[in-house]
$ cat work29.pdb   # PDB, C-alpha atoms and all ligand atoms
MODEL        1
ATOM      1  CA  MET Z  81     112.655  74.552 110.796
ATOM      2  CA  THR Z  82     108.973  73.639 110.339
ATOM      3  CA  ALA Z  83     106.964  73.929 107.106
ATOM      4  CA  THR Z  84     105.249  76.998 108.630
ATOM      5  CA  ASP Z  85     108.658  78.714 108.934
ATOM      6  CA  LYS Z  86     108.988  78.484 105.148
ATOM      7  CA  LEU Z  87     106.509  81.316 104.726
ATOM      8  CA  ILE Z  88     107.971  84.777 105.430
ATOM      9  CA  VAL Z  89     105.446  87.621 105.446
ATOM     10  CA  ALA Z  90     106.787  91.020 104.350
ATOM     11  CA  LEU Z  91     105.539  93.540 106.928
ATOM     12  CA  ASP Z  92     105.536  96.418 104.447
ATOM     13  CA  ARG Z  93     103.607  99.030 106.465
ATOM     14  CA  SER Z  94     104.349 102.696 107.183
ATOM     15  CA  THR Z  95     103.414 102.687 110.874
ATOM     16  CA  ARG Z  96     104.281 100.312 113.699
ATOM     17  CA  ALA Z  97     100.602 100.250 114.758
ATOM     18  CA  GLU Z  98      99.486  98.982 111.324
ATOM     19  CA  ALA Z  99     102.225  96.343 111.267
ATOM     20  CA  GLU Z 100     101.338  95.198 114.796
ATOM     21  CA  ALA Z 101      97.650  94.962 113.876
ATOM     22  CA  LEU Z 102      98.610  92.709 110.959
ATOM     23  CA  VAL Z 103     100.744  90.473 113.202
ATOM     24  CA  GLU Z 104      97.829  90.234 115.628
ATOM     25  CA  VAL Z 105      95.420  89.201 112.862
ATOM     26  CA  LEU Z 106      97.846  86.622 111.440
ATOM     27  CA  GLY Z 107      98.434  85.063 114.886
ATOM     28  CA  PRO Z 108     100.034  81.594 114.932
ATOM     29  CA  THR Z 109      99.551  81.155 111.149
ATOM     30  CA  VAL Z 110     102.748  83.151 110.546
ATOM     31  CA  THR Z 111     106.011  82.478 112.389
ATOM     32  CA  PHE Z 112     108.487  84.432 110.221
ATOM     33  CA  TYR Z 113     108.346  88.166 109.391
ATOM     34  CA  LYS Z 114     110.380  90.407 107.121
ATOM     35  CA  VAL Z 115     111.003  93.986 108.242
ATOM     36  CA  GLY Z 116     112.049  96.139 105.302
ATOM     37  CA  LEU Z 117     112.875  99.708 104.428
ATOM     38  CA  GLU Z 118     109.348 101.137 104.795
ATOM     39  CA  LEU Z 119     108.764  99.872 108.349
ATOM     40  CA  LEU Z 120     112.372 100.613 109.342
ATOM     41  CA  PHE Z 121     111.444 104.307 109.607
ATOM     42  CA  ALA Z 122     108.428 103.561 111.806
ATOM     43  CA  ASP Z 123     110.285 101.887 114.679
ATOM     44  CA  GLY Z 124     110.744  98.712 112.620
ATOM     45  CA  ILE Z 125     113.646  97.636 114.829
ATOM     46  CA  GLY Z 126     111.542  98.064 117.976
ATOM     47  CA  LEU Z 127     108.801  95.936 116.470
ATOM     48  CA  ALA Z 128     111.350  93.356 115.257
ATOM     49  CA  GLU Z 129     112.659  93.062 118.840
ATOM     50  CA  LYS Z 130     109.115  92.554 120.125
ATOM     51  CA  LEU Z 131     108.510  89.870 117.476
ATOM     52  CA  LYS Z 132     111.653  88.007 118.612
ATOM     53  CA  GLN Z 133     110.517  88.227 122.262
ATOM     54  CA  ASP Z 134     107.212  86.687 121.160
ATOM     55  CA  GLY Z 135     109.065  83.743 119.594
ATOM     56  CA  LYS Z 136     108.825  84.791 115.930
ATOM     57  CA  ASN Z 137     111.701  84.670 113.432
ATOM     58  CA  VAL Z 138     112.802  87.976 111.905
ATOM     59  CA  PHE Z 139     114.391  88.799 108.570
ATOM     60  CA  LEU Z 140     115.838  92.327 108.407
ATOM     61  CA  ASP Z 141     115.722  93.306 104.722
ATOM     62  CA  LEU Z 142     118.068  96.299 104.587
ATOM     63  CA  LYS Z 143     119.806  95.520 101.253
ATOM     64  CA  PHE Z 144     123.111  97.201 102.067
ATOM     65  CA  LEU Z 145     125.331  98.308  99.165
ATOM     66  CA  ASP Z 146     128.176 100.751  99.834
ATOM     67  CA  ILE Z 147     131.968 100.905 100.065
ATOM     68  CA  ALA Z 148     133.499  97.943 101.914
ATOM     69  CA  ASN Z 149     134.311  99.871 105.110
ATOM     70  CA  THR Z 150     130.739 101.176 105.438
ATOM     71  CA  VAL Z 151     129.152  97.800 104.683
ATOM     72  CA  GLU Z 152     131.417  96.044 107.196
ATOM     73  CA  ARG Z 153     130.572  98.491 109.972
ATOM     74  CA  ALA Z 154     126.857  98.709 109.151
ATOM     75  CA  VAL Z 155     126.536  94.918 109.015
ATOM     76  CA  ALA Z 156     128.352  94.640 112.382
ATOM     77  CA  GLN Z 157     125.768  97.028 113.862
ATOM     78  CA  ALA Z 158     122.739  95.326 112.282
ATOM     79  CA  ALA Z 159     123.960  91.769 112.953
ATOM     80  CA  SER Z 160     124.636  92.572 116.624
ATOM     81  CA  LEU Z 161     120.853  93.014 117.068
ATOM     82  CA  GLY Z 162     120.559  89.225 116.786
ATOM     83  CA  PHE Z 163     117.874  88.819 114.118
ATOM     84  CA  ASP Z 164     117.756  85.716 111.938
ATOM     85  CA  TYR Z 165     118.461  87.003 108.413
ATOM     86  CA  LEU Z 166     119.973  90.221 107.039
ATOM     87  CA  THR Z 167     120.290  91.257 103.378
ATOM     88  CA  ILE Z 168     123.050  92.974 101.447
ATOM     89  CA  HIS Z 169     123.272  93.360  97.675
ATOM     90  CA  GLY Z 170     125.252  90.599  95.971
ATOM     91  CA  HIS Z 171     126.760  92.651  93.149
ATOM     92  CA  ASP Z 172     130.444  92.211  93.992
ATOM     93  CA  ALA Z 173     132.881  90.257  96.162
ATOM     94  CA  LYS Z 174     134.180  93.338  98.030
ATOM     95  CA  THR Z 175     130.716  94.115  99.433
ATOM     96  CA  MET Z 176     129.962  90.508 100.333
ATOM     97  CA  LYS Z 177     133.326  89.784 101.965
ATOM     98  CA  ALA Z 178     133.013  93.018 103.966
ATOM     99  CA  ALA Z 179     129.565  91.896 105.151
ATOM    100  CA  VAL Z 180     130.941  88.538 106.327
ATOM    101  CA  ARG Z 181     133.768  90.327 108.206
ATOM    102  CA  GLY Z 182     131.261  92.684 109.857
ATOM    103  CA  ARG Z 183     128.961  89.854 110.955
ATOM    104  CA  ASP Z 184     131.884  87.767 112.256
ATOM    105  CA  HIS Z 185     133.415  90.767 114.037
ATOM    106  CA  ALA Z 186     130.085  91.243 115.847
ATOM    107  CA  GLY Z 187     130.188  87.561 116.886
ATOM    108  CA  SER Z 188     126.657  87.247 115.540
ATOM    109  CA  HIS Z 189     124.715  84.197 114.312
ATOM    110  CA  THR Z 190     122.654  86.310 111.877
ATOM    111  CA  LYS Z 191     122.615  84.659 108.445
ATOM    112  CA  LEU Z 192     123.612  86.907 105.576
ATOM    113  CA  LEU Z 193     121.577  86.780 102.375
ATOM    114  CA  ALA Z 194     122.778  88.384  99.139
ATOM    115  CA  VAL Z 195     120.135  89.895  96.867
ATOM    116  CA  THR Z 196     121.057  88.617  93.388
ATOM    117  CA  VAL Z 197     118.773  90.405  90.893
ATOM    118  CA  LEU Z 198     115.614  92.066  92.253
ATOM    119  CA  THR Z 199     112.523  90.040  91.313
ATOM    120  CA  SER Z 200     110.969  93.223  89.897
ATOM    121  CA  LEU Z 201     113.616  93.360  87.129
ATOM    122  CA  ASP Z 202     113.332  91.618  83.750
ATOM    123  CA  ALA Z 203     115.639  91.155  80.737
ATOM    124  CA  ASP Z 204     114.939  94.684  79.406
ATOM    125  CA  ASP Z 205     115.850  96.235  82.774
ATOM    126  CA  LEU Z 206     119.198  94.416  82.706
ATOM    127  CA  LYS Z 207     119.855  95.594  79.110
ATOM    128  CA  GLN Z 208     119.249  99.140  80.338
ATOM    129  CA  GLN Z 209     122.014  98.519  82.911
ATOM    130  CA  GLN Z 210     124.290  97.443  80.009
ATOM    131  CA  SER Z 211     124.280  93.844  81.251
ATOM    132  CA  ARG Z 212     124.888  91.271  78.541
ATOM    133  CA  MET Z 213     123.434  88.602  80.823
ATOM    134  CA  THR Z 214     119.789  87.550  81.164
ATOM    135  CA  PRO Z 215     118.272  87.562  84.680
ATOM    136  CA  PRO Z 216     118.863  83.807  85.247
ATOM    137  CA  GLU Z 217     122.484  84.034  84.037
ATOM    138  CA  LEU Z 218     123.260  87.017  86.277
ATOM    139  CA  VAL Z 219     121.471  85.420  89.249
ATOM    140  CA  ILE Z 220     123.529  82.204  88.950
ATOM    141  CA  HIS Z 221     126.743  84.201  88.541
ATOM    142  CA  ARG Z 222     125.999  86.273  91.668
ATOM    143  CA  ALA Z 223     124.790  83.275  93.705
ATOM    144  CA  SER Z 224     128.032  81.382  92.964
ATOM    145  CA  LEU Z 225     130.048  84.481  93.908
ATOM    146  CA  ALA Z 226     128.063  84.854  97.146
ATOM    147  CA  HIS Z 227     128.694  81.211  97.975
ATOM    148  CA  ASP Z 228     132.444  81.640  97.327
ATOM    149  CA  CYS Z 229     132.491  84.758  99.571
ATOM    150  CA  GLY Z 230     131.085  82.834 102.551
ATOM    151  CA  ILE Z 231     127.558  84.313 102.369
ATOM    152  CA  ASP Z 232     124.856  81.994 103.810
ATOM    153  CA  GLY Z 233     122.333  82.278 101.005
ATOM    154  CA  VAL Z 234     120.623  84.402  98.387
ATOM    155  CA  VAL Z 235     117.395  86.176  97.552
ATOM    156  CA  ALA Z 236     116.265  85.302  94.017
ATOM    157  CA  SER Z 237     113.181  84.344  92.054
ATOM    158  CA  GLY Z 238     111.789  80.813  92.353
ATOM    159  CA  GLN Z 239     112.429  80.583  88.619
ATOM    160  CA  GLU Z 240     116.166  80.459  89.334
ATOM    161  CA  ALA Z 241     116.109  78.352  92.525
ATOM    162  CA  LYS Z 242     116.896  75.001  90.887
ATOM    163  CA  SER Z 243     119.969  76.325  89.051
ATOM    164  CA  ILE Z 244     121.186  78.058  92.236
ATOM    165  CA  ARG Z 245     120.862  74.807  94.182
ATOM    166  CA  ASN Z 246     122.842  72.996  91.468
ATOM    167  CA  ALA Z 247     125.542  75.696  91.442
ATOM    168  CA  THR Z 248     125.956  75.770  95.249
ATOM    169  CA  ASN Z 249     125.091  73.120  97.866
ATOM    170  CA  GLU Z 250     122.267  71.770 100.016
ATOM    171  CA  ASP Z 251     123.041  74.114 102.945
ATOM    172  CA  PHE Z 252     122.932  77.317 100.892
ATOM    173  CA  LEU Z 253     119.737  79.233 101.711
ATOM    174  CA  ILE Z 254     117.458  80.210  98.828
ATOM    175  CA  VAL Z 255     114.831  82.806  99.727
ATOM    176  CA  THR Z 256     112.312  83.665  97.016
ATOM    177  CA  PRO Z 257     110.094  86.779  96.825
ATOM    178  CA  GLY Z 258     107.766  87.363  93.853
ATOM    179  CA  ILE Z 259     105.475  84.555  95.080
ATOM    180  CA  ARG Z 260     101.917  84.545  93.780
ATOM    181  CA  LEU Z 261      99.021  82.084  93.785
ATOM    182  CA  PRO Z 262      97.629  81.669  90.237
ATOM    183  CA  THR Z 263      94.729  84.011  91.166
ATOM    184  CA  ASP Z 264      96.950  86.843  92.564
ATOM    185  CA  GLU Z 265      97.995  90.105  90.861
ATOM    186  CA  ALA Z 266     101.742  90.296  90.059
ATOM    187  CA  GLY Z 267     101.923  94.034  90.906
ATOM    188  CA  ASP Z 268     105.412  95.381  90.125
ATOM    189  CA  GLN Z 269     106.999  91.916  90.327
ATOM    190  CA  ALA Z 270     108.399  90.613  87.012
ATOM    191  CA  ARG Z 271     109.790  87.129  87.780
ATOM    192  CA  VAL Z 272     106.928  85.519  89.718
ATOM    193  CA  THR Z 273     106.460  81.893  90.831
ATOM    194  CA  THR Z 274     103.700  79.921  92.568
ATOM    195  CA  PRO Z 275     104.464  78.552  96.065
ATOM    196  CA  ALA Z 276     104.411  74.974  94.725
ATOM    197  CA  ASP Z 277     106.906  75.733  91.950
ATOM    198  CA  ALA Z 278     109.264  77.608  94.293
ATOM    199  CA  ILE Z 279     109.292  74.741  96.822
ATOM    200  CA  LYS Z 280     109.685  72.179  94.019
ATOM    201  CA  ALA Z 281     112.686  74.141  92.718
ATOM    202  CA  GLY Z 282     114.364  73.977  96.142
ATOM    203  CA  ALA Z 283     113.520  77.313  97.810
ATOM    204  CA  ASN Z 284     113.962  77.258 101.615
ATOM    205  CA  HIS Z 285     111.688  80.255 102.242
ATOM    206  CA  LEU Z 286     109.012  82.116 100.286
ATOM    207  CA  VAL Z 287     108.570  85.848 100.907
ATOM    208  CA  VAL Z 288     104.984  87.026 100.442
ATOM    209  CA  GLY Z 289     103.818  90.604 100.873
ATOM    210  CA  ARG Z 290     100.767  92.113  99.194
ATOM    211  CA  PRO Z 291      98.860  88.863  98.429
ATOM    212  CA  ILE Z 292      98.619  88.432 102.240
ATOM    213  CA  THR Z 293      98.972  91.941 103.675
ATOM    214  CA  GLY Z 294      96.548  93.448 101.127
ATOM    215  CA  ALA Z 295      93.953  90.670 101.349
ATOM    216  CA  ASP Z 296      90.470  91.297 102.791
ATOM    217  CA  ASP Z 297      91.191  88.414 105.170
ATOM    218  CA  PRO Z 298      95.002  88.237 105.669
ATOM    219  CA  ALA Z 299      94.855  85.165 107.960
ATOM    220  CA  LYS Z 300      92.818  83.241 105.369
ATOM    221  CA  ALA Z 301      95.294  84.270 102.641
ATOM    222  CA  ALA Z 302      98.283  83.197 104.798
ATOM    223  CA  LYS Z 303      96.604  79.837 105.432
ATOM    224  CA  ALA Z 304      96.168  79.367 101.666
ATOM    225  CA  PHE Z 305      99.920  79.959 101.174
ATOM    226  CA  ASN Z 306     100.791  77.578 104.041
ATOM    227  CA  LEU Z 307      98.512  74.929 102.538
ATOM    228  CA  ALA Z 308     100.133  75.260  99.097
ATOM    229  CA  ILE Z 309     103.608  75.027 100.708
ATOM    230  CA  ASN Z 310     102.660  72.034 102.885
ATOM    231  CA  GLN Z 311     101.109  70.146  99.991
ATOM    232  CA  GLN Z 312     104.311  70.514  97.983
ATOM    233  CA  VAL Z 313     106.548  69.600 100.964
ATOM    234  CA  ASP Z 314     104.414  66.470 101.570
ATOM    235  CA  ALA Z 315     104.451  65.554  97.859
ATOM    236  CA  ALA Z 316     108.258  65.680  97.878
ATOM    237  CA  SER Z 317     108.690  63.517 100.985
TER     238      SER Z 317
HETATM  239  O1  LIG Q   1     104.264  92.456  98.008
HETATM  240  P1  LIG Q   1     105.270  91.482  97.482
HETATM  241  O2  LIG Q   1     104.872  90.034  97.700
HETATM  242  O3  LIG Q   1     105.672  91.747  96.038
HETATM  243  O4  LIG Q   1     106.546  91.755  98.417
HETATM  244  C1  LIG Q   1     107.805  91.197  98.201
HETATM  245  C2  LIG Q   1     108.749  91.668  99.263
HETATM  246  O5  LIG Q   1     110.021  91.092  99.018
HETATM  247  C3  LIG Q   1     108.959  93.172  99.329
HETATM  248  O6  LIG Q   1     109.100  93.508 100.711
HETATM  249  C4  LIG Q   1     110.256  93.420  98.597
HETATM  250  O7  LIG Q   1     110.983  94.498  99.144
HETATM  251  C5  LIG Q   1     111.009  92.119  98.858
HETATM  252  N1  LIG Q   1     112.003  91.734  97.839
HETATM  253  C6  LIG Q   1     111.694  91.499  96.525
HETATM  254  N2  LIG Q   1     112.667  91.136  95.626
HETATM  255  C7  LIG Q   1     113.926  90.984  96.027
HETATM  256  C8  LIG Q   1     114.255  91.192  97.373
HETATM  257  C9  LIG Q   1     113.255  91.559  98.271
HETATM  258  O8  LIG Q   1     110.523  91.614  96.146
HETATM  259  N3  LIG Q   1     114.844  90.562  95.175
ENDMDL
END
$ encode --input "work29.pdb" --output "structure tokens" --more "lines below"
Ligand code: C5P
Amino acid sequence: MTATDKLIVALDRSTRAEAEALVEVLGPTVTFYKVGLELLFADGIGLAEKLKQDGKNVFLDLKFLDIANTVERAVAQAASLGFDYLTIHGHDAKTMKAAVRGRDHAGSHTKLLAVTVLTSLDADDLKQQQSRMTPPELVIHRASLAHDCGIDGVVASGQEAKSIRNATNEDFLIVTPGIRLPTDEAGDQARVTTPADAIKAGANHLVVGRPITGADDPAKAAKAFNLAINQQVDAAS
């Protein structure tokens, strides 16, 4: 994996044409794309297949959460498409073990990522869900559970990446959304981190959406994120 592969751009667009135009503009600056729920309903899978043919990496962000039988069968279907990463929610062992069975049954190499606690949620949101844990506590609990269930990695905030690394191992993937340069708007994200801090904390990939896709010059914005990532990777080596 190159330093450029560390940046994953969230292709959150409602038509395939808009998403393709963005990919065209970003060109070789971006090598890894995330296809999520919005684009899914605009031939997101078709576009994801085209991206793979063009040599890009693809993260299918479907965030499955359902009864074990449904998750197992849905993951088998999604993993058989051969994309790089696929998400499920990491709330409980039954869901995560079912996802591993589904992926293995499909004979797929797709890596499974468990979403720990959405980066848009803060301590008050967890209290509303009757959780006695703070976001970092719940994230570490769920990341350890995911690791024990045979999941390949987690989606969490960069703020929790260091503790996740300590609680798991070097091979466990840590993918962090909620990434913002100091000059960017947070939007609806609550637990945000700069690219440098996320890399420093041990994140393998940084997911960036609106700061790139909503920029006047998306390629320039993506280059700024790549530069911040590269500088931190170089500083650490
Ligand atoms: O636009 P922004 O940079 O906030 O986009 C972040 C992307 O990462 C969105 O596509 C969102 O669905 C996704 N995501 C997230 N938090 C998670 C998991 C995925 O923000 N815990």
$ residues_near_ligand --input "work29.pdb" --ligand "ligand LIG 1 (chain Q)" --cutoff "8 Å" --atoms "only C-alpha atoms and all ligand atoms" --output "PyMOL selection string"
chain Z and resi 90-92+114-117+141+195-200+235-237+256-260+266-269+287-293
$ residues_around --input "work29.pdb" --residues "Leu286 of chain Z" --least-positions-apart "4" --cutoff "9 Å" --atoms "only C-alpha atoms" --output "list in words"
Lys86, Leu87, Ile88, Val89, Gly238, Ile254, Val255, Thr256, Pro257, Gly258, Ile259, Pro275, Ala278, Ile279 and Ile309 of chain Z
$ atom_distance --input "work29.pdb" --atom1 "atom CA of Ala281 of chain Z" --atom2 "atom CA of Glu250 of chain Z"
12.3 Å
$ residues_around --input "work29.pdb" --residues "Ala315 of chain Z" --least-positions-apart "5" --cutoff "10 Å" --atoms "only C-alpha atoms" --output "ChimeraX atom specification"
/Z:276,280,309-310
$ closest_residue --input "work29.pdb" --among "Z:Ile147, Z:Leu253, Z:Ala186, Z:Ala122" --to "Ser160 of chain Z" --atoms "all atoms listed in the file"
Z:Ala186
$ residues_around --input "work29.pdb" --residues "Leu140 of chain Z" --least-positions-apart "6" --cutoff "12 Å" --atoms "only C-alpha atoms" --output "MDAnalysis selection string"
chainID Z and resid 88:92 112:120 124:129 131:132 155 158:159 161:168 190:193
$ residues_around --input "work29.pdb" --residues "segment 174-183 of chain Z" --least-positions-apart "2" --cutoff "9 Å" --atoms "all atoms listed in the file" --output "VMD selection string"
chain Z and resid 144 to 160 168 to 172 185 to 192 194 225 to 226 229 to 231
$ closest_residue --input "work29.pdb" --among "Z:Ala308, Z:Ile244, Z:Ala295, Z:Leu106" --to "Arg222 of chain Z" --atoms "only C-alpha atoms"
Z:Ile244
$ axis_aligned_box --input "work29.pdb" --around "segment 117-122 of chain Z" --padding-each-side "8 Å" --output "JSON"
{"center_x": 110.7, "center_y": 102.0, "center_z": 108.1, "size_x": 20.4, "size_y": 20.6, "size_z": 23.4}
$ atom_distance --input "work29.pdb" --atom1 "atom CA of Gln208 of chain Z" --atom2 "atom CA of Ser224 of chain Z"
23.5 Å
